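Coordinates as given in target-v6.cif (mmCIF, C-alpha atoms):
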data_entry
#
loop_
_atom_site.label_atom_id
_atom_site.label_comp_id
_atom_site.auth_asym_id
_atom_site.auth_seq_id
_atom_site.Cartn_x
_atom_site.Cartn_y
_atom_site.Cartn_z
CA MET A 24 35.20 -87.55 85.59
CA ALA A 25 33.08 -90.50 86.63
CA GLN A 26 29.91 -91.00 84.60
CA ARG A 27 26.87 -91.20 86.81
CA GLY A 28 23.35 -92.43 86.23
CA VAL A 29 20.18 -92.08 88.25
CA ILE A 30 17.12 -94.30 87.96
CA ILE A 31 13.93 -92.80 89.40
CA VAL A 32 11.32 -95.49 89.95
CA ALA A 33 7.78 -94.19 89.48
CA GLY A 34 6.09 -97.52 88.95
CA GLY A 35 3.72 -97.50 91.90
CA ALA A 36 0.01 -97.49 91.22
CA GLY A 37 -0.60 -95.25 94.24
CA ARG A 38 -3.13 -97.60 95.76
CA ARG A 39 -2.58 -96.17 99.22
CA MET A 40 -3.62 -92.63 98.28
CA GLY A 41 -7.26 -91.55 98.46
CA ALA A 42 -7.16 -90.00 95.00
CA SER A 43 -7.07 -91.96 91.75
CA LEU A 44 -4.11 -89.95 90.39
CA PRO A 45 -0.91 -91.88 91.22
CA LYS A 46 0.93 -90.02 93.94
CA GLN A 47 4.05 -89.27 91.88
CA PHE A 48 1.90 -87.04 89.64
CA MET A 49 0.31 -85.08 92.47
CA MET A 50 1.29 -81.46 93.10
CA LEU A 51 3.58 -80.71 96.00
CA GLY A 52 3.88 -76.95 96.31
CA ASN A 53 4.27 -75.66 92.76
CA GLU A 54 5.52 -78.88 91.11
CA PRO A 55 4.37 -82.47 90.61
CA ILE A 56 6.21 -84.82 92.98
CA LEU A 57 8.01 -86.64 90.17
CA ALA A 58 9.21 -83.36 88.63
CA ARG A 59 10.54 -82.32 92.01
CA SER A 60 12.42 -85.62 92.43
CA ILE A 61 13.95 -85.35 88.95
CA ASN A 62 14.95 -81.73 89.43
CA ARG A 63 16.45 -82.37 92.86
CA VAL A 64 18.66 -85.10 91.40
CA HIS A 65 19.63 -82.88 88.47
CA GLU A 66 20.59 -80.00 90.76
CA ALA A 67 22.82 -82.34 92.77
CA LEU A 68 24.36 -84.08 89.75
CA PRO A 69 24.00 -81.82 86.67
CA ALA A 70 25.99 -84.19 84.42
CA ALA A 71 24.19 -87.37 85.43
CA GLU A 72 21.98 -89.34 83.04
CA ILE A 73 18.48 -89.60 84.47
CA VAL A 74 16.06 -92.40 83.61
CA VAL A 75 12.49 -92.37 84.90
CA VAL A 76 10.77 -95.77 85.02
CA LEU A 77 7.03 -95.51 84.47
CA PRO A 78 4.26 -98.05 83.89
CA GLU A 79 3.37 -98.00 80.19
CA GLU A 80 -0.11 -96.65 80.91
CA HIS A 81 1.33 -93.57 82.61
CA VAL A 82 3.83 -92.50 79.95
CA ALA A 83 1.45 -90.28 77.98
CA LEU A 84 0.08 -88.74 81.18
CA TRP A 85 3.59 -87.94 82.43
CA LYS A 86 4.69 -86.42 79.09
CA ASN A 87 1.60 -84.26 79.22
CA ILE A 88 2.35 -83.13 82.78
CA ALA A 89 6.09 -82.68 82.17
CA ALA A 90 5.45 -80.39 79.19
CA ARG A 91 3.80 -77.87 81.52
CA PHE A 92 6.65 -77.64 84.06
CA ASP A 93 10.41 -77.08 84.05
CA VAL A 94 11.66 -80.64 84.29
CA ALA A 95 15.35 -81.55 83.85
CA PRO A 96 16.16 -83.76 80.81
CA HIS A 97 15.45 -87.44 81.37
CA LYS A 98 14.84 -90.66 79.44
CA ILE A 99 11.81 -92.85 80.07
CA ALA A 100 11.96 -96.62 80.57
CA LEU A 101 8.93 -98.86 80.97
CA GLY A 102 8.01 -100.42 84.29
CA GLY A 103 7.93 -104.19 84.70
CA GLU A 104 5.89 -106.66 86.65
CA GLU A 105 7.67 -106.09 89.97
CA ARG A 106 9.90 -103.25 91.14
CA PHE A 107 12.85 -105.56 90.39
CA HIS A 108 11.90 -105.71 86.70
CA SER A 109 11.32 -101.96 86.57
CA VAL A 110 14.81 -101.29 87.93
CA ARG A 111 16.27 -103.81 85.49
CA ASN A 112 14.67 -101.87 82.63
CA GLY A 113 16.05 -98.64 84.09
CA ILE A 114 19.57 -100.08 84.19
CA ALA A 115 19.27 -101.17 80.55
CA ALA A 116 18.27 -97.65 79.54
CA LEU A 117 21.46 -96.08 80.95
CA SER A 118 24.62 -95.76 78.83
CA ASP A 119 27.27 -98.45 79.17
CA GLU A 120 29.75 -95.74 80.24
CA VAL A 121 27.90 -95.12 83.50
CA GLN A 122 30.12 -96.16 86.45
CA TYR A 123 27.88 -95.32 89.41
CA ILE A 124 24.13 -95.70 89.54
CA ALA A 125 21.72 -94.20 92.06
CA ILE A 126 18.22 -95.67 92.37
CA HIS A 127 15.65 -93.37 93.88
CA ASP A 128 11.95 -93.58 94.73
CA ALA A 129 9.93 -91.04 92.72
CA VAL A 130 7.90 -90.37 95.85
CA ARG A 131 10.91 -89.14 97.88
CA PRO A 132 11.19 -85.62 96.46
CA LEU A 133 12.60 -84.12 99.67
CA VAL A 134 16.05 -85.70 99.67
CA SER A 135 18.76 -83.03 99.91
CA LYS A 136 21.37 -82.35 97.22
CA LYS A 137 23.98 -82.84 99.91
CA LEU A 138 22.84 -86.39 100.66
CA ILE A 139 22.70 -87.34 96.97
CA ILE A 140 26.28 -86.10 96.45
CA LYS A 141 27.54 -87.76 99.62
CA LEU A 142 26.10 -91.14 98.58
CA MET A 143 27.65 -90.82 95.11
CA LEU A 144 31.08 -90.06 96.55
CA GLU A 145 30.91 -92.92 99.05
CA ALA A 146 30.03 -95.30 96.19
CA GLU A 147 33.50 -94.64 94.72
CA THR A 148 35.00 -96.69 97.56
CA HIS A 149 32.10 -98.98 98.51
CA SER A 150 30.03 -101.29 96.31
CA ALA A 151 26.65 -100.30 97.68
CA VAL A 152 25.81 -97.27 99.83
CA ILE A 153 22.39 -96.57 101.30
CA PRO A 154 21.00 -93.87 103.60
CA THR A 155 19.33 -94.99 106.83
CA VAL A 156 17.93 -93.26 109.90
CA ALA A 157 17.41 -94.56 113.43
CA PRO A 158 13.72 -94.84 114.34
CA ALA A 159 12.26 -92.82 117.23
CA ASP A 160 9.37 -95.22 117.88
CA SER A 161 9.20 -98.70 119.38
CA TYR A 162 8.44 -101.62 117.08
CA ARG A 163 6.80 -105.00 117.33
CA VAL A 164 7.04 -107.97 115.00
CA VAL A 165 3.71 -109.64 114.28
CA GLU A 166 3.45 -113.39 113.72
CA GLY A 167 -0.07 -114.55 113.04
CA ASN A 168 -2.21 -113.46 116.00
CA ASP A 169 0.83 -112.85 118.16
CA SER A 170 3.47 -110.14 118.28
CA HIS A 171 6.72 -109.53 120.10
CA ILE A 172 8.90 -106.54 120.80
CA ILE A 173 12.06 -105.96 118.75
CA ASP A 174 15.15 -104.11 120.00
CA ARG A 175 14.77 -100.65 118.46
CA SER A 176 18.43 -99.77 118.88
CA THR A 177 19.35 -102.29 116.17
CA LEU A 178 16.71 -101.11 113.65
CA ARG A 179 17.39 -98.66 110.82
CA ILE A 180 14.83 -97.14 108.47
CA VAL A 181 16.10 -97.53 104.89
CA GLN A 182 15.71 -94.65 102.44
CA THR A 183 16.71 -93.91 98.87
CA PRO A 184 18.69 -92.97 96.81
CA GLN A 185 20.67 -96.17 97.07
CA VAL A 186 23.94 -95.86 95.13
CA PHE A 187 25.92 -98.69 93.59
CA ASN A 188 29.01 -99.43 91.59
CA ALA A 189 27.40 -99.88 88.17
CA ASP A 190 29.14 -103.17 87.27
CA ILE A 191 28.09 -104.72 90.57
CA LEU A 192 24.52 -103.48 90.13
CA ARG A 193 24.26 -104.75 86.54
CA ARG A 194 25.49 -108.19 87.57
CA ALA A 195 23.20 -108.30 90.61
CA TYR A 196 20.19 -107.59 88.39
CA GLU A 197 21.09 -110.58 86.19
CA GLN A 198 19.93 -112.77 89.07
CA PRO A 199 16.44 -114.26 88.78
CA PHE A 200 13.69 -112.37 90.59
CA SER A 201 12.99 -113.29 94.20
CA ALA A 202 10.13 -112.10 96.39
CA THR A 203 12.68 -111.52 99.16
CA TYR A 204 14.02 -108.44 97.33
CA THR A 205 12.53 -105.51 99.23
CA ASP A 206 14.84 -102.84 97.85
CA ASP A 207 17.83 -102.56 95.53
CA ALA A 208 20.31 -103.11 98.33
CA SER A 209 18.75 -106.50 99.02
CA VAL A 210 19.30 -107.50 95.37
CA VAL A 211 22.97 -106.47 95.53
CA GLU A 212 23.38 -108.11 98.92
CA SER A 213 21.96 -111.35 97.57
CA ALA A 214 24.72 -111.24 94.91
CA GLY A 215 27.27 -111.30 97.74
CA HIS A 216 28.15 -107.66 98.29
CA LYS A 217 28.34 -105.76 101.54
CA ILE A 218 25.89 -102.88 102.02
CA THR A 219 27.34 -99.70 103.54
CA LEU A 220 24.95 -97.60 105.62
CA ILE A 221 25.35 -93.83 105.92
CA GLU A 222 23.21 -91.37 107.86
CA GLY A 223 20.05 -90.41 105.96
CA GLU A 224 17.62 -87.55 106.60
CA ARG A 225 14.38 -87.61 108.55
CA GLU A 226 12.90 -85.12 106.08
CA ASN A 227 13.54 -87.58 103.22
CA ILE A 228 10.12 -89.17 103.64
CA LYS A 229 8.36 -91.54 101.27
CA ILE A 230 5.01 -90.03 100.32
CA THR A 231 2.47 -92.83 100.43
CA THR A 232 -0.62 -91.44 102.20
CA PRO A 233 -2.59 -88.17 102.34
CA ALA A 234 -1.01 -87.51 105.76
CA ASP A 235 2.42 -87.74 104.14
CA MET A 236 1.37 -85.06 101.63
CA ILE A 237 0.61 -82.70 104.50
CA ILE A 238 3.95 -83.45 106.10
CA ALA A 239 5.79 -82.97 102.80
CA GLU A 240 4.12 -79.59 102.19
CA ALA A 241 5.32 -78.47 105.60
CA ILE A 242 8.89 -79.57 104.97
CA ILE A 243 8.92 -77.65 101.69
CA ARG A 244 7.60 -74.52 103.35
CA ALA A 245 10.35 -74.80 105.94
CA GLU A 246 12.97 -75.22 103.19
CA TYR A 247 11.82 -72.00 101.54
CA GLU A 248 11.84 -70.14 104.81
CA ALA A 249 15.34 -71.35 105.79
CA MET B 11 -19.31 -95.89 134.73
CA ALA B 12 -15.77 -97.17 134.59
CA GLN B 13 -13.20 -94.96 136.28
CA ARG B 14 -10.35 -94.10 133.96
CA GLY B 15 -6.89 -92.74 134.53
CA VAL B 16 -4.28 -91.35 132.16
CA ILE B 17 -0.56 -91.07 132.85
CA ILE B 18 1.29 -88.64 130.62
CA VAL B 19 5.01 -89.27 130.77
CA ALA B 20 7.07 -86.10 130.31
CA GLY B 21 10.26 -87.37 131.83
CA GLY B 22 12.56 -87.02 128.84
CA ALA B 23 15.43 -84.60 129.02
CA GLY B 24 14.98 -83.72 125.35
CA ARG B 25 18.57 -84.44 124.50
CA ARG B 26 17.71 -84.99 120.84
CA MET B 27 16.40 -81.44 120.32
CA GLY B 28 18.75 -78.63 119.34
CA ALA B 29 17.34 -76.30 122.00
CA SER B 30 17.99 -76.63 125.71
CA LEU B 31 14.28 -76.39 126.61
CA PRO B 32 12.92 -79.96 126.90
CA LYS B 33 10.68 -80.65 123.90
CA GLN B 34 7.49 -81.18 125.90
CA PHE B 35 7.66 -77.49 126.96
CA MET B 36 8.15 -76.13 123.45
CA MET B 37 5.34 -74.28 121.68
CA LEU B 38 3.41 -76.09 118.98
CA GLY B 39 1.01 -73.64 117.38
CA ASN B 40 -0.47 -71.65 120.26
CA GLU B 41 0.18 -74.14 123.09
CA PRO B 42 3.13 -75.93 124.70
CA ILE B 43 3.30 -79.57 123.55
CA LEU B 44 2.58 -80.94 127.03
CA ALA B 45 -0.49 -78.68 127.42
CA ARG B 46 -1.75 -79.91 124.07
CA SER B 47 -1.29 -83.56 125.07
CA ILE B 48 -3.11 -83.03 128.39
CA ASN B 49 -5.96 -81.14 126.76
CA ARG B 50 -6.38 -83.69 123.98
CA VAL B 51 -6.73 -86.47 126.57
CA HIS B 52 -9.17 -84.37 128.61
CA GLU B 53 -11.34 -83.64 125.57
CA ALA B 54 -11.53 -87.37 124.79
CA LEU B 55 -12.12 -88.47 128.39
CA PRO B 56 -13.52 -85.52 130.39
CA ALA B 57 -14.02 -87.61 133.56
CA ALA B 58 -10.60 -89.24 133.56
CA GLU B 59 -7.97 -88.56 136.21
CA ILE B 60 -4.82 -87.20 134.58
CA VAL B 61 -1.35 -87.53 136.10
CA VAL B 62 1.65 -85.89 134.47
CA VAL B 63 5.01 -87.40 135.37
CA LEU B 64 7.82 -84.83 135.34
CA PRO B 65 11.44 -84.88 136.46
CA GLU B 66 11.66 -83.02 139.77
CA GLU B 67 13.79 -80.24 138.23
CA HIS B 68 11.03 -79.43 135.71
CA VAL B 69 8.08 -79.17 138.09
CA ALA B 70 8.46 -75.46 138.85
CA LEU B 71 9.05 -74.66 135.19
CA TRP B 72 5.94 -76.56 134.15
CA LYS B 73 3.75 -74.92 136.83
CA ASN B 74 4.98 -71.58 135.58
CA ILE B 75 4.16 -72.44 131.96
CA ALA B 76 0.82 -74.09 132.80
CA ALA B 77 -0.37 -70.97 134.67
CA ARG B 78 -0.20 -69.01 131.44
CA PHE B 79 -2.31 -71.41 129.32
CA ASP B 80 -5.67 -73.18 129.55
CA VAL B 81 -4.58 -76.62 130.76
CA ALA B 82 -7.05 -79.26 131.91
CA PRO B 83 -6.81 -80.28 135.61
CA HIS B 84 -4.03 -82.76 136.32
CA LYS B 85 -1.90 -84.07 139.18
CA ILE B 86 1.88 -84.12 139.03
CA ALA B 87 4.01 -87.14 139.92
CA LEU B 88 7.80 -87.15 140.00
CA GLY B 89 9.87 -88.92 137.39
CA GLY B 90 12.15 -91.80 138.34
CA GLU B 91 15.49 -93.10 137.22
CA GLU B 92 14.12 -94.88 134.13
CA ARG B 93 10.82 -94.53 132.29
CA PHE B 94 9.71 -97.67 134.15
CA HIS B 95 10.10 -95.92 137.50
CA SER B 96 8.36 -92.80 136.21
CA VAL B 97 5.33 -94.82 135.12
CA ARG B 98 5.31 -96.66 138.45
CA ASN B 99 5.13 -93.28 140.22
CA GLY B 100 2.32 -92.24 137.88
CA ILE B 101 0.34 -95.38 138.71
CA ALA B 102 0.77 -94.71 142.43
CA ALA B 103 -0.60 -91.19 142.00
CA LEU B 104 -3.90 -92.42 140.51
CA SER B 105 -6.90 -93.29 142.73
CA ASP B 106 -7.40 -96.92 143.67
CA GLU B 107 -10.83 -96.78 141.99
CA VAL B 108 -9.31 -96.39 138.54
CA GLN B 109 -10.13 -99.48 136.45
CA TYR B 110 -8.45 -98.62 133.15
CA ILE B 111 -5.19 -96.75 132.71
CA ALA B 112 -3.81 -95.15 129.56
CA ILE B 113 -0.12 -94.28 129.39
CA HIS B 114 0.81 -91.64 126.87
CA ASP B 115 4.00 -89.92 125.72
CA ALA B 116 3.91 -86.18 126.44
CA VAL B 117 5.52 -85.62 123.05
CA ARG B 118 2.64 -87.19 121.09
CA PRO B 119 0.20 -84.26 121.19
CA LEU B 120 -1.42 -85.13 117.84
CA VAL B 121 -3.27 -88.30 118.81
CA SER B 122 -6.97 -88.02 117.95
CA LYS B 123 -9.78 -88.10 120.51
CA LYS B 124 -11.28 -90.94 118.49
CA LEU B 125 -8.20 -93.14 118.92
CA ILE B 126 -8.00 -92.44 122.68
CA ILE B 127 -11.64 -93.44 123.13
CA LYS B 128 -11.31 -96.53 120.93
CA LEU B 129 -8.31 -97.77 122.94
CA MET B 130 -10.16 -97.22 126.21
CA LEU B 131 -13.19 -99.17 125.02
CA GLU B 132 -11.07 -102.07 123.70
CA ALA B 133 -9.35 -102.28 127.09
CA GLU B 134 -12.69 -103.30 128.62
CA THR B 135 -12.36 -106.66 126.88
CA HIS B 136 -8.57 -107.00 126.49
CA SER B 137 -5.83 -106.69 129.12
CA ALA B 138 -3.54 -104.47 127.10
CA VAL B 139 -4.35 -102.54 123.93
CA ILE B 140 -1.82 -100.54 121.92
CA PRO B 141 -2.00 -98.56 118.66
CA THR B 142 0.39 -99.54 115.88
CA VAL B 143 0.89 -98.55 112.25
CA ALA B 144 2.49 -100.46 109.38
CA PRO B 145 5.72 -98.83 108.22
CA ALA B 146 6.05 -97.51 104.64
CA ASP B 147 9.85 -97.78 104.53
CA SER B 148 12.18 -100.75 104.36
CA TYR B 149 14.22 -101.63 107.44
CA ARG B 150 17.56 -103.22 108.21
CA VAL B 151 18.83 -104.70 111.44
CA VAL B 152 22.40 -103.70 112.31
CA GLU B 153 24.72 -106.09 114.12
CA GLY B 154 28.18 -104.65 114.73
CA ASN B 155 29.57 -103.64 111.33
CA ASP B 156 27.02 -105.74 109.49
CA SER B 157 23.35 -105.36 108.75
CA HIS B 158 20.60 -107.46 107.22
CA ILE B 159 17.18 -106.83 105.79
CA ILE B 160 14.07 -107.51 107.87
CA ASP B 161 10.67 -108.41 106.44
CA ARG B 162 8.76 -105.13 106.59
CA SER B 163 5.36 -106.79 106.32
CA THR B 164 5.78 -108.19 109.83
CA LEU B 165 6.89 -104.89 111.44
CA ARG B 166 4.58 -102.50 113.27
CA ILE B 167 5.45 -99.07 114.61
CA VAL B 168 4.23 -98.83 118.20
CA GLN B 169 2.57 -95.63 119.41
CA THR B 170 0.89 -94.41 122.55
CA PRO B 171 -1.51 -94.15 124.38
CA GLN B 172 -1.20 -97.74 125.51
CA VAL B 173 -4.24 -98.74 127.57
CA PHE B 174 -4.38 -101.40 130.24
CA ASN B 175 -6.68 -103.06 132.71
CA ALA B 176 -5.58 -101.23 135.87
CA ASP B 177 -5.16 -104.32 138.06
CA ILE B 178 -3.01 -106.02 135.44
CA LEU B 179 -0.92 -102.88 134.98
CA ARG B 180 -0.41 -102.37 138.72
CA ARG B 181 0.74 -105.98 139.18
CA ALA B 182 3.01 -105.79 136.12
CA TYR B 183 4.73 -102.73 137.58
CA GLU B 184 5.47 -104.65 140.78
CA GLN B 185 8.05 -106.61 138.76
CA PRO B 186 11.68 -105.55 139.18
CA PHE B 187 13.03 -103.20 136.51
CA SER B 188 14.56 -104.76 133.41
CA ALA B 189 16.45 -102.99 130.63
CA THR B 190 14.41 -105.04 128.13
CA TYR B 191 11.32 -102.93 128.86
CA THR B 192 11.05 -100.57 125.91
CA ASP B 193 7.47 -99.49 126.49
CA ASP B 194 4.61 -100.20 128.89
CA ALA B 195 3.27 -103.04 126.77
CA SER B 196 6.59 -104.86 127.16
CA VAL B 197 6.27 -104.62 130.97
CA VAL B 198 2.75 -106.07 130.88
CA GLU B 199 3.80 -108.70 128.37
CA SER B 200 6.64 -109.76 130.62
CA ALA B 201 4.03 -110.33 133.36
CA GLY B 202 2.40 -112.90 131.07
CA HIS B 203 -0.37 -110.94 129.34
CA LYS B 204 -1.22 -110.81 125.67
CA ILE B 205 -0.88 -107.45 123.92
CA THR B 206 -3.70 -106.52 121.55
CA LEU B 207 -2.75 -104.32 118.59
CA ILE B 208 -5.23 -101.90 117.01
CA GLU B 209 -4.71 -99.55 114.08
CA GLY B 210 -2.96 -96.31 115.13
CA GLU B 211 -2.59 -93.03 113.24
CA ARG B 212 0.29 -91.88 111.06
CA GLU B 213 -0.27 -88.31 112.29
CA ASN B 214 0.28 -89.47 115.91
CA ILE B 215 4.01 -88.80 115.67
CA LYS B 216 6.52 -88.66 118.50
CA ILE B 217 8.20 -85.27 118.47
CA THR B 218 11.89 -85.86 119.06
CA THR B 219 13.77 -83.66 116.57
CA PRO B 220 13.47 -80.16 115.06
CA ALA B 221 12.24 -81.82 111.82
CA ASP B 222 9.42 -83.43 113.79
CA MET B 223 8.40 -79.96 115.06
CA ILE B 224 7.98 -78.80 111.46
CA ILE B 225 5.93 -81.86 110.63
CA ALA B 226 3.77 -81.42 113.73
CA GLU B 227 3.07 -77.76 112.93
CA ALA B 228 1.87 -78.83 109.49
CA ILE B 229 -0.43 -81.51 110.87
CA ILE B 230 -1.97 -78.96 113.25
CA ARG B 231 -2.53 -76.47 110.44
CA ALA B 232 -4.26 -79.20 108.44
CA GLU B 233 -6.46 -80.08 111.45
CA TYR B 234 -7.62 -76.47 111.71
CA GLU B 235 -8.31 -76.28 108.00
CA ALA B 236 -10.30 -79.55 107.93
#

Take the structure I supplied and represent it as structure tokens, if you would.
Amino acid sequence: MAQRGVIIVAGGAGRRMGASLPKQFMMLGNEPILARSINRVHEALPAAEIVVVLPEEHVALWKNIAARFDVAPHKIALGGEERFHSVRNGIAALSDEVQYIAIHDAVRPLVSKKLIIKLMLEAETHSAVIPTVAPADSYRVVEGNDSHIIDRSTLRIVQTPQVFNADILRRAYEQPFSATYTDDASVVESAGHKITLIEGERENIKITTPADMIIAEAIIRAEYEA
Amino acid sequence: MAQRGVIIVAGGAGRRMGASLPKQFMMLGNEPILARSINRVHEALPAAEIVVVLPEEHVALWKNIAARFDVAPHKIALGGEERFHSVRNGIAALSDEVQYIAIHDAVRPLVSKKLIIKLMLEAETHSAVIPTVAPADSYRVVEGNDSHIIDRSTLRIVQTPQVFNADILRRAYEQPFSATYTDDASVVESAGHKITLIEGERENIKITTPADMIIAEAIIRAEYEA
């Protein structure tokens, strides 16, 4: 069976939240967000190696939190200067045998098991597979003091996990850092590989503000009720 | 005092919802979504004229629903072939004395009174004022089978209400219809006016899917608790 690895990036300093506690450590229902993300991945892929990338100053805090909850087994890697460097450290922490690697935002705890598995299976035939959803709103592009409309029908909201052939991902992360890398797919794309889009999930939100916490709580309640 | 008008566009057929009842008629908490949108606008601007634009086949249904709830006074205008034509009918239904016109999606019942008032006041010095929020996710632009990354820092999610100087709006809607009009701001922009962006609200979501209903219910619960 294919060996799989998952890197959960929890490097954000949570500057957008009102509280001083980084958002990945905040409670969502009965679990911290990061614990929920780890456990969701583990439920989908019980045999996968899981690496959590944390800023050095959060490692002790996380170990303290994790000891008080049921959290699936995981290694810890240290965060780097930019997200790019954090992911690179996460890749290095996975075994060499790993053939497919998923990279997931710690603050997306609501991704379904089904989507994680689907992405992993698609990665067996494509180099790089990412979940996207079509936006419901209109968008504008701002340029200085001006702005112009953009054709919504061509836009896709990019989510995680993003899943890659491990060899391709490792080689892509040997490239020097560039500020144009906005996600892992853009790193792999810059190394010359095609990115395959599959349908994501609207519930798979990125929790970055207090309003997102409220929304996430509601989605969890609905999951329990379903 | 300036005369103000608000057009609430409820012309959508709700094809994205699982249910056959158009989404603007669905219950959100203790009120139908459209009633909530009308009442929110009325609370913010008690003296404003309100016109609701509905497809002809929904008028009887709405009157039936509205009779069973506390809904602020409003006129009804008939929807047209495209959103553009619906808004044009809404404009025609407002008094000639109206100096500022807000156009709002019926399926955005969670906009705050504060934001409605702020937009109206800004419109006294700018031709066209719209609320936008910065996206938290990454985006890609799809072109056929390919896609490429777009710089998120330049993207803004466009919301409603969009508020306009009434004379400018009326003249803009005398233009012939174009498929490039994605919102009211794009119609006014095409008539040569600058669009002013102000900060919107993440909670001011557009309810287009069952998942959005869950999210909206949660935001309402949080409003009551605050």

Quiz prompt | Pairwise distance for CA of Asp169 (chain A) and CA of Glu153 (chain B), rounded to one decimal in Å | solution =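 Atom-to-atom, CA of Asp169 (chain A) to CA of Glu153 (chain B), that is 25.2 Å.
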
Quiz item: What separation in Å, quoted to one decimal, exists between CA of Val19 (chain B) and CA of His114 (chain B)?
Solution: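 Straight-line distance from CA of Val19 (chain B) to CA of His114 (chain B) works out to 6.2 Å.
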
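Using all atoms listed in the file, the smallest distance between any of A:Ile237, A:Val29, A:Ile56, A:Val130 and chain B comes from A:Ile237.
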
Quiz item: Suppose you want the space between CA of Ile18 (chain B) and CA of Leu104 (chain B); what is it in Å?
Solution: 11.8 Å

Self-check item: Distance query Val197 (chain B) at most 9 Å, all atoms listed in the file, self and fewer than 6 positions along chain excluded, as a ChimeraX atom specification
Solution: /B:94,179,182-183,185,187-188,190-191

Exercise. Would you kindly return, as a PyMOL selection string, each protein, DNA or RNA residue with an atom no farther than 7 Å from any atom of Ala189 (chain A), considering only C-alpha atoms and excluding same-chain residues fewer than 5 positions away?
Key: chain A and resi 121-124

Self-check item: Contact residues around region 128-134 of chain B with only C-alpha atoms at 9 Å, ignoring same-chain residues under 3 positions, as a count of residues only
Solution: 19

Quiz item: With all atoms listed in the file as the basis for distance, which of B:Val51, B:Ile127, B:Pro42, B:His203 is at the shortest distance from Ala77 (chain B)?
Solution: B:Pro42

Quiz item: What residues come out when you apply the PyMOL selection byres ((chain A and resi 94-105) around 9) to this file, written as a PyMOL selection string?
Solution: chain A and resi 32-34+58-59+61-62+64-66+72-79+82+89-93+106-113+115-117+200

Quiz prompt | Top pick for closest residue to Pro69 (chain A), considering A:Gln47, A:Gln26, A:Asn53, A:Thr148 and counting all atoms listed in the file | solution =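 Using all atoms listed in the file, the shortest distance to Pro69 (chain A) belongs to A:Gln26.
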